[in-house]
Structure formats: C-alpha cells, structure tokens
Protein chains: 2
Amino acid sequence: MKIAVLGTGMVGESIATKLAALGHEVCMGARSATNEKAADWVARQPKGASQGTFAEAARHAEIVFICTRGDVTLDALNLAGRDNLAGKVLVDIANPLDFSKGMPPTLFVSNDDSLGERIQRAFPDAQVVKTLNIVNADVMVNPGQVSGELSMFLCGNVAEAKAKIRQLLESFGWKDVLDLGDISAARGMESVLPIWLRLWQALGTASFGFKVVR
Amino acid sequence: MKIAVLGTGMVGESIATKLAALGHEVCMGARSATNEKAADWVARQPKGASQGTFAEAARHAEIVFICTRGDVTLDALNLAGRDNLAGKVLVDIANPLDFSKGMPPTLFVSNDDSLGERIQRAFPDAQVVKTLNIVNADVMVNPGQVSGELSMFLCGNVAEAKAKIRQLLESFGWKDVLDLGDISAARGMESVLPIWLRLWQALGTASFGFKVVR
C-alpha cells in the first residue's frame with residue numbers, strides 16, 4: 001500500500017522502516033521537502049521509499065501515520081492539508097505530552113477529551129484510528145521482543161478503517177488487538193501514559209507492554 | 001493483625017471478607033456504629049470480626065483499608081480522626097471517579113495530582129500506600145480467577161509500610177507486585193481507570209487485569 005509517515009523522529013523512523021520492510025511504498029513527510037533525516041532514511045531503504053512535505057506525503061497515500069510529537073500534531077496535519085486527508089485512514093499514534101512543567105510530563109488534554117478526538121473533530125472527513133501509543137517505538141514494530149504476548153488497543157469511528165489497521169498491526173506481530181470502540185476511547189488509551197512513565201522509571205527499561213489477562 | 005476496613009460497599013465487603021478468612025481481626029467501619037450492612041457482614045464471619053464507627057474501627061487497627069467511594073474518602077477519614085490514623089498504614093484503594101456528568105465517569109482529580117496524594121497531604125502522619133485500585137473488587141482478592149498471571153502496582157512514601165502491604169497482597173494471591181515509588185505514582189495508578197472502563201465495556205466482563213510483560 002501507499003503509506004505516508006508524517007514525522008522524522010524515533011517513532012516516525014521505526015514505523016516507516018517497518019512498513020518499508022513489509023513491502024509498502026512509504027513516503028516520509030516533514031515540514032521541508034528536503035529534510036535531512038528523511039533523506040538519510042530514504043537512502044537506507046529498499047526501492048519505493050521517498051520523502052516529501054507533509055502535503056506531498058499525504059496526497060499520494062491511502063493511509064497516513066501521524067508520528068509527530070503530540071503538541072505539533074494538529075499543525076502538521078494542517079500543513080498536510082484537509083483535502084489531502086479527506087477519505088484517508090489517519091493513524092494517530094501520538095500522545096498529548098506536555099514537557100513544559102518538567103519531568104515527568106503531564107498531558108495537555110485528558111479526562112473529558114483526547115488528542116484523538118481533537119484530530120477527528122479538526123478533520124471530520126478523515127477516518128481517525130488511534131493505536132500503538134501505549135508502547136515505545138521499538139515495541140510498536142516488534143512486540144515479540146518481550147517475554148510474553150502483549151495486547152494492543154485500537155479505536156475509531158469507522159469499522160473499515162479499523163479493519164485495515166488491524167491487518168497492519170497483525171503484520172507487525174500484534175496478535176491480541178482489542179477494539180475499544182469509537183474515537184472517544186482515545187481518552188482511555190492516552191491515559192495509559194502516566195502509568196507507562198512510572199513503570200519505565202521503576203523497571204529501568206522501555207521494553208515492556210501490557211497484556212489484558214481475562 | 002488488627003485491620004480496619006472503612007466502607008461497607010462491594011469493595012469493603014470483598015476486602016474485609018478476604019482479610020477475615022486469612023485470620024485477621026477485622027473491624028468494618030461505617031458512619032454509624034450500627035450500620036446494617038456491617039452487622040450482616042459480621043454475622044457471616046468467623047470469630048474476631050466486628051463493626052464500629054470509622055473512628056472506632058481506625059482506633060484499634062494497625063492497618064486501615066479505605067474502601068469508600070473516592071468522592072467521600074476524605075470525609076470518611078476526617079470522621080475516622082487524625083489521631084486514630086497517625087502512624088498507621090493507610091491503604092488507599094479508591095478511585096477519584098466523578099459520576100456527576102453521566103457514564104462513563106471522569107476523574108475529579110488527575111494528571112498533576114491524585115487522590116492518593118490528597119490523602120497523604122491531609123493526613124501527613126499516616127503512611128499512605130496506594131494499591132489494588134486497578135482491578136475490580138473480586139479480582140482484588142482473587143487474582144487467580146483469570147487465565148494468566150496479573151501484575152499489581154503499589155506506591156507510597158514509606159518503605160516499611162509498602163513491605164507490609166506487599167505481604168498482604170501476596171497472601172491475597174498477587175505474585176507480580178511492582179513498587180512504583182513514592183505516593184505521586186498514584187497519578188499513574190488512578191489514570192488506569194479510563195482504560196479499565198473502556199475495556200470493561202469492550203470485553204463485557206470486569207474479570208480482567210493487566211500483566212506488565214517485559
């Protein structure tokens with residue numbers, strides 16, 4: 001599939017690399033069409049990988065992964081352009097982290113709203129699916145690295161969009177994918193961050209995740 | 001041990017019944033010394049179980065379990081009395097749920113503060129340990145009911161107090177008990193509720209919990 005990955009940080013690189021390795025045609029989007037990190041990434045990929053502006057990446061994609069920091073997600077999507085996102089599956093894997101008050105970060109939206117819902121409201125013609133935000137970038141694309149099976153959550157308003165992303169998640173190695181319903185479940189998914197951060201501190205590693213045992 | 005269980009609801013009854021079955025001397029505390037639910041509970045218990053006001057229950061206890069609804073926790077503790085709580089281990093298993101805006105509930109404190117911290121600030125001479133709030137009342141006292149091992153979190157400012165509660169948790173059947181540090185980790189532990197509520201909805205059962213797979 002043609003997939004845009006918006007963002008050139010650790011998360012963007014992990015997701016883009018995995019998707020390219022799985023044979024997808026990946027375009028890494030950035031503010032600038034000549035972003036150096038994106039160019040470095042393209043140079044290390046198989047044929048079919050490319051780079052562009054947020055708008056160029058989104059325009060040609062069927063699925064758009066948002067891999068920017070949470071506080072610039074809406075900016076990046078505005079640059080990508082409403083028309084380029086209409087009808088597309090928009091995969092939100094960001095967290096609304098606020099680092100302005102020091103560590104550990106707090107959430108700049110929580111409890112009765114979420115970043116996932118804000119994105120869906122700002123781009124009503126896009127099909128937002130929230131997933132993957134509850135683990136670190138390495139675990140996202142290689143859930144088998146820990147010592148047991150992990151669960152992954154996803155939510156969104158459009159069943160077809162969720163079915164497509166479920167398939168992608170399964171191709172990443174996720175086996176226990178739980179559909180939590182409409183996009184308002186993003187509140188719950190983003191509220192995992194405060195406990196993730198304390199566990200990261202307590203365990204001394206980011207290589208962990210959650211299994212819902214029932 | 002002499003243990004007070006403040007609260008006569010589902011959580012109080014589960015905890016009190018388990019502690020009594022394990023041979024502890026349990027006093028169930030309520031607003032009234034003659035609370036009917038507490039009297040019913042006492043009648044069904046082995047010798048050594050008793051009931052009393054919040055203050056009477058706390059006065060004679062070494063460990064005090066707070067099993068009231070989150071929004072009345074501080075009220076109940078004020079009735080229990082500062083002097084009766086000083087130097088005691090105060091086990092906070094409540095969640096700061098706000099049902100006033102309908103279902104699902106939101107949290108009345110979150111993100112940059114927590115109920116656990118509020119309790120510790122209000123009763124600085126007590127040794128607050130937060131735990132068990134991330135599962136339902138049945139799973140709290142019988143974690144073996146699900147199909148695999150679960151993790152439990154605890155946090156608090158006093159190492160000795162946490163060691164005592166860890167032992168109690170182990171006697172309940174919890175094997176993977178993770179110490180998340182000081183009482184500010186209650187923010188993370190209470191932020192599990194929004195995702196717990198969505199999972200409860202999606203799975204159609206409250207008989208589940210989380211394993212931290214690493």
# chains A, B, ... in the order shown; residues from 1 in each chain; ligands from 1
>>> interface_residues(of="chain B", to="chain A", cutoff="7 Å", atoms="only C-alpha atoms", output="short mmCIF file (atom, residue, chain, number, x, y, z; two decimals) with all heavy atoms, in the first residue's frame")
data_model
loop_
_atom_site.label_atom_id
_atom_site.label_comp_id
_atom_site.auth_asym_id
_atom_site.auth_seq_id
_atom_site.Cartn_x
_atom_site.Cartn_y
_atom_site.Cartn_z
N THR B 106 -15.78 10.41 34.74
CA THR B 106 -14.46 11.02 34.56
C THR B 106 -13.75 10.99 35.93
O THR B 106 -14.26 10.41 36.88
CB THR B 106 -14.59 12.47 34.05
OG1 THR B 106 -15.50 13.16 34.91
CG2 THR B 106 -15.15 12.49 32.63
N LEU B 107 -12.57 11.58 35.98
CA LEU B 107 -11.83 11.64 37.25
C LEU B 107 -11.94 13.05 37.82
O LEU B 107 -11.80 14.02 37.08
CB LEU B 107 -10.36 11.28 37.01
CG LEU B 107 -10.08 9.90 36.39
CD1 LEU B 107 -8.59 9.72 36.12
CD2 LEU B 107 -10.58 8.79 37.31
N ASN B 111 -3.90 13.83 36.39
CA ASN B 111 -2.84 14.46 35.61
C ASN B 111 -1.72 15.05 36.47
O ASN B 111 -0.63 14.51 36.48
CB ASN B 111 -3.45 15.53 34.68
CG ASN B 111 -2.59 15.80 33.46
OD1 ASN B 111 -1.69 15.02 33.14
ND2 ASN B 111 -2.82 16.89 32.79
N ASP B 112 -1.98 16.14 37.21
CA ASP B 112 -0.91 16.72 38.02
C ASP B 112 -1.18 16.61 39.52
O ASP B 112 -0.54 17.29 40.33
CB ASP B 112 -0.65 18.19 37.62
CG ASP B 112 -1.90 19.03 37.76
OD1 ASP B 112 -2.95 18.49 38.16
OD2 ASP B 112 -1.82 20.24 37.47
N VAL B 146 -8.41 -15.22 36.67
CA VAL B 146 -8.21 -15.01 35.24
C VAL B 146 -7.20 -16.04 34.70
O VAL B 146 -6.59 -16.78 35.47
CB VAL B 146 -7.76 -13.56 34.92
CG1 VAL B 146 -8.82 -12.58 35.35
CG2 VAL B 146 -6.42 -13.25 35.58
N SER B 147 -7.03 -16.04 33.38
CA SER B 147 -6.32 -17.15 32.74
C SER B 147 -4.80 -16.99 32.70
O SER B 147 -4.13 -17.72 31.96
CB SER B 147 -6.84 -17.32 31.32
OG SER B 147 -6.43 -16.19 30.55
N GLY B 148 -4.25 -16.05 33.44
CA GLY B 148 -2.80 -15.89 33.45
C GLY B 148 -2.40 -15.00 34.59
O GLY B 148 -3.25 -14.45 35.29
N LEU B 150 -1.33 -11.85 36.72
CA LEU B 150 -1.55 -10.41 36.65
C LEU B 150 -0.44 -9.67 37.40
O LEU B 150 0.18 -10.22 38.30
CB LEU B 150 -2.88 -10.07 37.33
CG LEU B 150 -4.15 -10.60 36.69
CD1 LEU B 150 -5.37 -10.24 37.55
CD2 LEU B 150 -4.30 -10.04 35.29
N LEU B 180 6.08 1.27 42.48
CA LEU B 180 6.26 2.39 41.54
C LEU B 180 6.83 3.64 42.20
O LEU B 180 6.85 4.71 41.60
CB LEU B 180 4.94 2.71 40.85
CG LEU B 180 4.34 1.56 40.03
CD1 LEU B 180 3.10 2.04 39.30
CD2 LEU B 180 5.35 1.00 39.04
N ALA B 185 3.13 8.43 42.39
CA ALA B 185 2.79 7.41 41.39
C ALA B 185 1.30 7.10 41.38
O ALA B 185 0.79 6.46 40.46
CB ALA B 185 3.59 6.13 41.62
N ARG B 187 -0.87 9.10 40.65
CA ARG B 187 -1.39 9.70 39.41
C ARG B 187 -1.47 8.67 38.30
O ARG B 187 -2.47 8.57 37.59
CB ARG B 187 -0.46 10.83 38.95
CG ARG B 187 -0.42 11.98 39.89
CD ARG B 187 0.61 13.02 39.46
NE ARG B 187 0.98 13.82 40.62
CZ ARG B 187 1.78 14.87 40.58
NH1 ARG B 187 2.33 15.26 39.44
NH2 ARG B 187 2.06 15.54 41.68
N GLY B 188 -0.39 7.92 38.14
CA GLY B 188 -0.37 6.88 37.11
C GLY B 188 -1.37 5.78 37.41
O GLY B 188 -2.09 5.32 36.53
N MET B 189 -1.42 5.35 38.67
CA MET B 189 -2.29 4.23 39.02
C MET B 189 -3.76 4.60 38.85
O MET B 189 -4.57 3.79 38.41
CB MET B 189 -2.00 3.76 40.44
CG MET B 189 -0.62 3.10 40.53
SD MET B 189 -0.12 2.73 42.23
CE MET B 189 -1.48 1.71 42.73
N SER B 191 -4.85 6.81 36.76
CA SER B 191 -5.11 7.05 35.32
C SER B 191 -5.38 5.74 34.58
O SER B 191 -5.71 5.76 33.39
CB SER B 191 -3.95 7.80 34.68
OG SER B 191 -2.88 6.93 34.39
N VAL B 192 -5.28 4.62 35.28
CA VAL B 192 -5.65 3.33 34.67
C VAL B 192 -7.17 3.23 34.52
O VAL B 192 -7.68 2.52 33.65
CB VAL B 192 -5.10 2.15 35.51
CG1 VAL B 192 -5.63 0.81 35.00
CG2 VAL B 192 -3.57 2.15 35.50
N PRO B 194 -9.67 5.17 33.29
CA PRO B 194 -10.31 5.40 31.98
C PRO B 194 -10.12 4.23 31.00
O PRO B 194 -11.06 3.89 30.27
CB PRO B 194 -9.63 6.67 31.47
CG PRO B 194 -9.22 7.40 32.72
CD PRO B 194 -8.84 6.32 33.69
N ILE B 195 -8.95 3.61 31.00
CA ILE B 195 -8.77 2.48 30.08
C ILE B 195 -9.46 1.23 30.64
O ILE B 195 -10.03 0.44 29.88
CB ILE B 195 -7.26 2.24 29.75
CG1 ILE B 195 -7.10 1.26 28.60
CG2 ILE B 195 -6.49 1.75 30.96
CD1 ILE B 195 -7.57 1.77 27.28
N ARG B 198 -13.11 1.41 29.55
CA ARG B 198 -13.33 1.06 28.13
C ARG B 198 -13.17 -0.43 27.90
O ARG B 198 -13.87 -1.03 27.09
CB ARG B 198 -12.37 1.84 27.22
CG ARG B 198 -12.67 3.32 27.06
CD ARG B 198 -14.07 3.67 26.57
NE ARG B 198 -14.37 3.38 25.20
CZ ARG B 198 -14.98 4.22 24.36
NH1 ARG B 198 -15.32 5.45 24.75
NH2 ARG B 198 -15.26 3.86 23.14
N LEU B 199 -12.21 -1.03 28.59
CA LEU B 199 -12.01 -2.48 28.43
C LEU B 199 -13.21 -3.24 29.00
O LEU B 199 -13.65 -4.25 28.42
CB LEU B 199 -10.72 -2.90 29.12
CG LEU B 199 -9.46 -2.62 28.32
CD1 LEU B 199 -8.22 -2.67 29.21
CD2 LEU B 199 -9.32 -3.63 27.17
N ALA B 202 -15.77 -3.12 26.42
CA ALA B 202 -15.44 -3.90 25.22
C ALA B 202 -15.45 -5.40 25.49
O ALA B 202 -15.87 -6.18 24.63
CB ALA B 202 -14.07 -3.47 24.69
N SER B 207 -13.93 -9.17 34.97
CA SER B 207 -12.97 -10.16 35.44
C SER B 207 -11.73 -10.15 34.56
O SER B 207 -11.51 -11.03 33.72
CB SER B 207 -13.63 -11.55 35.43
OG SER B 207 -12.74 -12.51 35.92
N PHE B 208 -10.94 -9.10 34.70
CA PHE B 208 -9.69 -9.00 33.94
C PHE B 208 -8.72 -8.10 34.71
O PHE B 208 -9.10 -7.44 35.68
CB PHE B 208 -9.93 -8.43 32.53
CG PHE B 208 -10.36 -6.99 32.50
CD1 PHE B 208 -9.41 -5.98 32.43
CD2 PHE B 208 -11.70 -6.63 32.54
CE1 PHE B 208 -9.80 -4.64 32.42
CE2 PHE B 208 -12.10 -5.29 32.52
CZ PHE B 208 -11.14 -4.30 32.47
N GLY B 209 -7.49 -8.11 34.25
CA GLY B 209 -6.47 -7.25 34.85
C GLY B 209 -5.32 -7.12 33.87
O GLY B 209 -5.42 -7.54 32.72
N PHE B 210 -4.24 -6.55 34.33
CA PHE B 210 -3.12 -6.23 33.45
C PHE B 210 -1.86 -6.96 33.91
O PHE B 210 -1.53 -6.98 35.09
CB PHE B 210 -2.83 -4.73 33.47
CG PHE B 210 -4.03 -3.90 33.13
CD1 PHE B 210 -4.87 -3.41 34.14
CD2 PHE B 210 -4.35 -3.62 31.81
CE1 PHE B 210 -6.00 -2.66 33.82
CE2 PHE B 210 -5.48 -2.86 31.49
CZ PHE B 210 -6.30 -2.38 32.51
N LYS B 211 -1.15 -7.54 32.96
CA LYS B 211 0.19 -8.05 33.23
C LYS B 211 1.18 -7.13 32.52
O LYS B 211 1.04 -6.86 31.33
CB LYS B 211 0.32 -9.47 32.70
CG LYS B 211 1.74 -10.03 32.72
CD LYS B 211 2.21 -10.33 34.13
CE LYS B 211 3.68 -10.80 34.13
NZ LYS B 211 4.17 -11.04 35.50
N VAL B 212 2.16 -6.64 33.25
CA VAL B 212 3.23 -5.87 32.63
C VAL B 212 4.25 -6.87 32.10
O VAL B 212 4.98 -7.49 32.87
CB VAL B 212 3.90 -4.91 33.63
CG1 VAL B 212 5.02 -4.14 32.96
CG2 VAL B 212 2.86 -3.95 34.21
N VAL B 213 4.24 -7.05 30.78
CA VAL B 213 5.12 -8.04 30.16
C VAL B 213 6.41 -7.33 29.78
O VAL B 213 6.40 -6.32 29.09
CB VAL B 213 4.45 -8.65 28.90
CG1 VAL B 213 5.32 -9.77 28.34
CG2 VAL B 213 3.06 -9.17 29.23
N ARG B 214 7.56 -7.85 30.28
CA ARG B 214 8.84 -7.20 29.99
C ARG B 214 9.88 -8.25 29.68
O ARG B 214 9.63 -9.43 29.80
CB ARG B 214 9.30 -6.27 31.11
CG ARG B 214 9.49 -6.90 32.49
CD ARG B 214 8.22 -6.86 33.35
NE ARG B 214 8.53 -7.13 34.75
CZ ARG B 214 7.62 -7.43 35.68
NH1 ARG B 214 6.36 -7.54 35.35
NH2 ARG B 214 7.97 -7.66 36.92
#
>>> select_by_dssp(residues="region 24-93 of chain B", states="helix (DSSP H, G or I)", output="count of residues only")
29
>>> atom_distance(atom1="CA of Gly144 (chain B)", atom2="CA of Lys37 (chain B)")
27.3 Å
>>> residues_around(residues="region 89-100 of chain A", least_positions_apart="4", cutoff="6 Å", atoms="only C-alpha atoms", output="ChimeraX atom specification")
/A:63-66,70,105-108,127-133,161
>>> select_by_dssp(residues="chain B", states="strand (DSSP E)", output="PyMOL selection string")
chain B and resi 2-6+25-30+50-53+63-66+89-92+97-98+106-107+127-131+151-156+176-179+209-213
>>> atom_distance(atom1="CA of Leu115 (chain B)", atom2="CA of Cys67 (chain B)")
12.9 Å
>>> decode(residues="region 88-121 of chain A", atoms="N, CA and C atoms", output="PDB file, in the first residue's frame")
ATOM      1  N   LYS A  88      -9.139   9.537   3.852  1.00  0.00           N
ATOM      2  CA  LYS A  88      -7.989   8.677   4.181  1.00  0.00           C
ATOM      3  C   LYS A  88      -8.100   8.118   5.598  1.00  0.00           C
ATOM      4  N   VAL A  89      -7.438   6.986   5.814  1.00  0.00           N
ATOM      5  CA  VAL A  89      -7.286   6.477   7.170  1.00  0.00           C
ATOM      6  C   VAL A  89      -6.110   7.211   7.812  1.00  0.00           C
ATOM      7  N   LEU A  90      -6.384   7.865   8.934  1.00  0.00           N
ATOM      8  CA  LEU A  90      -5.394   8.669   9.644  1.00  0.00           C
ATOM      9  C   LEU A  90      -5.051   7.926  10.933  1.00  0.00           C
ATOM     10  N   VAL A  91      -3.849   7.407  11.029  1.00  0.00           N
ATOM     11  CA  VAL A  91      -3.487   6.610  12.200  1.00  0.00           C
ATOM     12  C   VAL A  91      -2.771   7.496  13.209  1.00  0.00           C
ATOM     13  N   ASP A  92      -3.439   7.754  14.305  1.00  0.00           N
ATOM     14  CA  ASP A  92      -2.894   8.629  15.352  1.00  0.00           C
ATOM     15  C   ASP A  92      -2.187   7.773  16.388  1.00  0.00           C
ATOM     16  N   ILE A  93      -0.864   7.874  16.433  1.00  0.00           N
ATOM     17  CA  ILE A  93      -0.123   7.102  17.441  1.00  0.00           C
ATOM     18  C   ILE A  93       0.594   8.031  18.418  1.00  0.00           C
ATOM     19  N   ALA A  94       0.176   9.309  18.417  1.00  0.00           N
ATOM     20  CA  ALA A  94       0.840  10.315  19.261  1.00  0.00           C
ATOM     21  C   ALA A  94       0.248  10.351  20.667  1.00  0.00           C
ATOM     22  N   ASN A  95       0.973  10.961  21.594  1.00  0.00           N
ATOM     23  CA  ASN A  95       0.474  11.195  22.941  1.00  0.00           C
ATOM     24  C   ASN A  95       0.519  12.686  23.262  1.00  0.00           C
ATOM     25  N   PRO A  96      -0.501  13.189  23.951  1.00  0.00           N
ATOM     26  CA  PRO A  96      -0.566  14.634  24.240  1.00  0.00           C
ATOM     27  C   PRO A  96       0.323  15.019  25.414  1.00  0.00           C
ATOM     28  N   LEU A  97       1.618  14.810  25.260  1.00  0.00           N
ATOM     29  CA  LEU A  97       2.544  15.054  26.375  1.00  0.00           C
ATOM     30  C   LEU A  97       2.944  16.519  26.460  1.00  0.00           C
ATOM     31  N   ASP A  98       2.940  17.030  27.671  1.00  0.00           N
ATOM     32  CA  ASP A  98       3.325  18.407  27.956  1.00  0.00           C
ATOM     33  C   ASP A  98       4.606  18.380  28.790  1.00  0.00           C
ATOM     34  N   PHE A  99       5.717  18.736  28.165  1.00  0.00           N
ATOM     35  CA  PHE A  99       7.005  18.717  28.862  1.00  0.00           C
ATOM     36  C   PHE A  99       7.326  20.075  29.489  1.00  0.00           C
ATOM     37  N   SER A 100       6.401  21.042  29.354  1.00  0.00           N
ATOM     38  CA  SER A 100       6.723  22.418  29.753  1.00  0.00           C
ATOM     39  C   SER A 100       6.891  22.573  31.264  1.00  0.00           C
ATOM     40  N   LYS A 101       6.334  21.631  32.039  1.00  0.00           N
ATOM     41  CA  LYS A 101       6.450  21.754  33.505  1.00  0.00           C
ATOM     42  C   LYS A 101       7.496  20.789  34.063  1.00  0.00           C
ATOM     43  N   GLY A 102       8.392  20.305  33.216  1.00  0.00           N
ATOM     44  CA  GLY A 102       9.446  19.408  33.684  1.00  0.00           C
ATOM     45  C   GLY A 102       9.042  17.951  33.573  1.00  0.00           C
ATOM     46  N   MET A 103       9.904  17.083  34.122  1.00  0.00           N
ATOM     47  CA  MET A 103       9.666  15.643  34.046  1.00  0.00           C
ATOM     48  C   MET A 103       9.054  15.163  35.351  1.00  0.00           C
ATOM     49  N   PRO A 104       8.225  14.112  35.339  1.00  0.00           N
ATOM     50  CA  PRO A 104       7.673  13.502  34.128  1.00  0.00           C
ATOM     51  C   PRO A 104       6.643  14.430  33.478  1.00  0.00           C
ATOM     52  N   PRO A 105       6.450  14.303  32.172  1.00  0.00           N
ATOM     53  CA  PRO A 105       5.475  15.157  31.507  1.00  0.00           C
ATOM     54  C   PRO A 105       4.049  14.895  32.010  1.00  0.00           C
ATOM     55  N   THR A 106       3.195  15.904  31.904  1.00  0.00           N
ATOM     56  CA  THR A 106       1.761  15.712  32.133  1.00  0.00           C
ATOM     57  C   THR A 106       1.077  15.623  30.761  1.00  0.00           C
ATOM     58  N   LEU A 107      -0.231  15.568  30.748  1.00  0.00           N
ATOM     59  CA  LEU A 107      -0.983  15.515  29.488  1.00  0.00           C
ATOM     60  C   LEU A 107      -1.630  16.879  29.248  1.00  0.00           C
ATOM     61  N   PHE A 108      -1.542  17.388  28.014  1.00  0.00           N
ATOM     62  CA  PHE A 108      -2.163  18.699  27.771  1.00  0.00           C
ATOM     63  C   PHE A 108      -3.651  18.582  27.426  1.00  0.00           C
ATOM     64  N   VAL A 109      -4.114  17.376  27.207  1.00  0.00           N
ATOM     65  CA  VAL A 109      -5.553  17.127  27.129  1.00  0.00           C
ATOM     66  C   VAL A 109      -5.775  15.751  27.757  1.00  0.00           C
ATOM     67  N   SER A 110      -6.838  15.625  28.562  1.00  0.00           N
ATOM     68  CA  SER A 110      -7.090  14.342  29.227  1.00  0.00           C
ATOM     69  C   SER A 110      -8.472  14.355  29.856  1.00  0.00           C
ATOM     70  N   ASN A 111      -8.863  13.202  30.349  1.00  0.00           N
ATOM     71  CA  ASN A 111     -10.046  13.028  31.197  1.00  0.00           C
ATOM     72  C   ASN A 111     -11.366  13.164  30.421  1.00  0.00           C
ATOM     73  N   ASP A 112     -11.740  14.362  29.952  1.00  0.00           N
ATOM     74  CA  ASP A 112     -13.006  14.502  29.237  1.00  0.00           C
ATOM     75  C   ASP A 112     -12.812  14.876  27.767  1.00  0.00           C
ATOM     76  N   ASP A 113     -11.590  14.687  27.261  1.00  0.00           N
ATOM     77  CA  ASP A 113     -11.295  14.912  25.842  1.00  0.00           C
ATOM     78  C   ASP A 113      -9.946  14.226  25.567  1.00  0.00           C
ATOM     79  N   SER A 114      -9.551  14.176  24.302  1.00  0.00           N
ATOM     80  CA  SER A 114      -8.302  13.494  23.961  1.00  0.00           C
ATOM     81  C   SER A 114      -7.745  14.062  22.667  1.00  0.00           C
ATOM     82  N   LEU A 115      -6.485  13.799  22.431  1.00  0.00           N
ATOM     83  CA  LEU A 115      -5.868  14.221  21.175  1.00  0.00           C
ATOM     84  C   LEU A 115      -6.545  13.529  19.989  1.00  0.00           C
ATOM     85  N   GLY A 116      -6.844  12.242  20.131  1.00  0.00           N
ATOM     86  CA  GLY A 116      -7.514  11.514  19.052  1.00  0.00           C
ATOM     87  C   GLY A 116      -8.825  12.175  18.643  1.00  0.00           C
ATOM     88  N   GLU A 117      -9.601  12.579  19.642  1.00  0.00           N
ATOM     89  CA  GLU A 117     -10.883  13.238  19.347  1.00  0.00           C
ATOM     90  C   GLU A 117     -10.666  14.619  18.728  1.00  0.00           C
ATOM     91  N   ARG A 118      -9.645  15.326  19.218  1.00  0.00           N
ATOM     92  CA  ARG A 118      -9.353  16.648  18.635  1.00  0.00           C
ATOM     93  C   ARG A 118      -9.009  16.525  17.153  1.00  0.00           C
ATOM     94  N   ILE A 119      -8.236  15.511  16.833  1.00  0.00           N
ATOM     95  CA  ILE A 119      -7.871  15.297  15.425  1.00  0.00           C
ATOM     96  C   ILE A 119      -9.117  14.982  14.599  1.00  0.00           C
ATOM     97  N   GLN A 120      -9.951  14.081  15.130  1.00  0.00           N
ATOM     98  CA  GLN A 120     -11.164  13.715  14.387  1.00  0.00           C
ATOM     99  C   GLN A 120     -12.082  14.921  14.188  1.00  0.00           C
ATOM    100  N   ARG A 121     -12.193  15.779  15.219  1.00  0.00           N
ATOM    101  CA  ARG A 121     -13.038  16.973  15.092  1.00  0.00           C
ATOM    102  C   ARG A 121     -12.465  17.962  14.079  1.00  0.00           C
TER     103      ARG A 121
END
